[in-house]
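Visitor: This structure is in structure tokens; I'll ask about it shortly.
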Amino acid sequence: MPLFVPGVMSEPNSKAEQWQNKLVGKTLSDSESNENCFCKRDLPQGTRIVEPGMLLTMDHVPDRLNVHVTEDGIVSHVVHG
């Protein structure tokens, strides 16, 4: 059984991890999904797309998906909060 330390490791197969597996390395598109891009309208409602240097509120919303993108618009990582 794998070691799980609350606050240090995420739950295995968490929603954020599932989204991370779907999105990392892809660009976000306004209209289509394929092997290289993912359509923004297919993201959960309330998703926040975080661009480099973007100012963010410090409120914590546990179910909000934060999709971090690089300057090129490629998804680098995904977290909840």
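Ligands are numbered from 1 in the order shown, residues from 1 within each chain, and chains are lettered A, B, ... in the order they appear in the structure tokens.
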Check chain A with DSSP on the backbone and list each residue it calls alpha helix (DSSP H), as a ChimeraX atom specification.
Guide: /A:15-23
Visitor: If you run DSSP over the backbone, which residues in chain A end up strand (DSSP E)? Put them as a PyMOL selection string.
Guide: chain A and resi 27-29+37-39+48-50+65-69+75-80
Visitor: Next, write the just-selected residues to a file, as a tab-separated table (two decimals), in the first residue's frame, keeping N, CA, C and O atoms as the atom set.
Guide:
chain	number	residue	atom	x	y	z
A	27	THR	N	-2.31	22.82	-25.76
A	27	THR	CA	-2.74	24.21	-25.75
A	27	THR	C	-4.25	24.23	-25.54
A	27	THR	O	-4.94	23.25	-25.84
A	28	LEU	N	-4.77	25.35	-25.04
A	28	LEU	CA	-6.21	25.49	-24.86
A	28	LEU	C	-6.78	26.21	-26.07
A	28	LEU	O	-6.23	27.20	-26.54
A	29	SER	N	-7.88	25.71	-26.56
A	29	SER	CA	-8.51	26.23	-27.76
A	29	SER	C	-9.92	26.72	-27.43
A	29	SER	O	-10.56	26.20	-26.53
A	37	CYS	N	-4.61	19.92	-28.64
A	37	CYS	CA	-5.29	21.02	-27.94
A	37	CYS	C	-6.56	20.52	-27.26
A	37	CYS	O	-7.08	19.46	-27.58
A	38	PHE	N	-7.02	21.33	-26.30
A	38	PHE	CA	-8.20	20.97	-25.52
A	38	PHE	C	-9.12	22.18	-25.53
A	38	PHE	O	-8.69	23.31	-25.28
A	39	CYS	N	-10.40	21.96	-25.80
A	39	CYS	CA	-11.38	23.04	-25.89
A	39	CYS	C	-11.73	23.57	-24.50
A	39	CYS	O	-12.08	22.82	-23.60
A	48	ARG	N	-10.24	28.35	-13.66
A	48	ARG	CA	-9.45	29.58	-13.82
A	48	ARG	C	-8.19	29.22	-14.62
A	48	ARG	O	-7.44	28.33	-14.25
A	49	ILE	N	-7.99	29.92	-15.72
A	49	ILE	CA	-6.79	29.73	-16.53
A	49	ILE	C	-5.77	30.77	-16.08
A	49	ILE	O	-6.04	31.98	-16.14
A	50	VAL	N	-4.62	30.30	-15.60
A	50	VAL	CA	-3.61	31.17	-15.01
A	50	VAL	C	-2.45	31.33	-15.98
A	50	VAL	O	-1.76	30.36	-16.30
A	65	LEU	N	-10.75	24.53	-10.40
A	65	LEU	CA	-9.62	24.00	-11.15
A	65	LEU	C	-8.80	25.18	-11.66
A	65	LEU	O	-9.33	26.07	-12.32
A	66	ASN	N	-7.51	25.20	-11.33
A	66	ASN	CA	-6.60	26.23	-11.81
A	66	ASN	C	-5.69	25.59	-12.84
A	66	ASN	O	-4.89	24.71	-12.52
A	67	VAL	N	-5.80	26.05	-14.08
A	67	VAL	CA	-5.00	25.52	-15.18
A	67	VAL	C	-3.90	26.55	-15.48
A	67	VAL	O	-4.20	27.66	-15.94
A	68	HIS	N	-2.66	26.19	-15.21
A	68	HIS	CA	-1.52	27.08	-15.42
A	68	HIS	C	-0.94	26.85	-16.81
A	68	HIS	O	-0.67	25.70	-17.18
A	69	VAL	N	-0.77	27.94	-17.56
A	69	VAL	CA	-0.22	27.84	-18.91
A	69	VAL	C	1.09	28.62	-19.00
A	69	VAL	O	1.32	29.57	-18.25
A	75	VAL	N	-0.34	24.12	-21.46
A	75	VAL	CA	-0.64	23.82	-20.06
A	75	VAL	C	0.60	23.20	-19.40
A	75	VAL	O	1.15	22.22	-19.89
A	76	SER	N	1.03	23.80	-18.28
A	76	SER	CA	2.20	23.31	-17.56
A	76	SER	C	1.81	22.44	-16.37
A	76	SER	O	2.47	21.45	-16.10
A	77	HIS	N	0.75	22.85	-15.65
A	77	HIS	CA	0.28	22.04	-14.53
A	77	HIS	C	-1.13	22.48	-14.14
A	77	HIS	O	-1.61	23.53	-14.56
A	78	VAL	N	-1.77	21.63	-13.31
A	78	VAL	CA	-3.16	21.84	-12.90
A	78	VAL	C	-3.26	21.59	-11.41
A	78	VAL	O	-2.71	20.61	-10.91
A	79	VAL	N	-3.96	22.49	-10.69
A	79	VAL	CA	-4.18	22.32	-9.25
A	79	VAL	C	-5.60	22.73	-8.90
A	79	VAL	O	-6.24	23.47	-9.65
A	80	HIS	N	-6.09	22.26	-7.76
A	80	HIS	CA	-7.37	22.72	-7.23
A	80	HIS	C	-7.10	23.78	-6.17
A	80	HIS	O	-6.10	23.73	-5.47
Visitor: Work out how far atom CA of A:Ile74 is from atom CA of A:Lys26, in Å to one decimal.
Guide: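 Answer for the atom CA of A:Lys26 to atom CA of A:Ile74 separation: 5.4 Å.
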Visitor: Between A:Met58, A:Val24, A:Gln18, A:Thr47, single out the one closest to A:Thr70, counting only C-alpha atoms.
Guide: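 Of all the options, A:Val24 lies closest to A:Thr70.
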Visitor: Tell me, in Å to one decimal, how far atom CA of A:Gly73 is from atom CA of A:Leu56.
Guide: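 Taking atom CA of A:Gly73 as the start and atom CA of A:Leu56 as the end point, the length is 17.6 Å.
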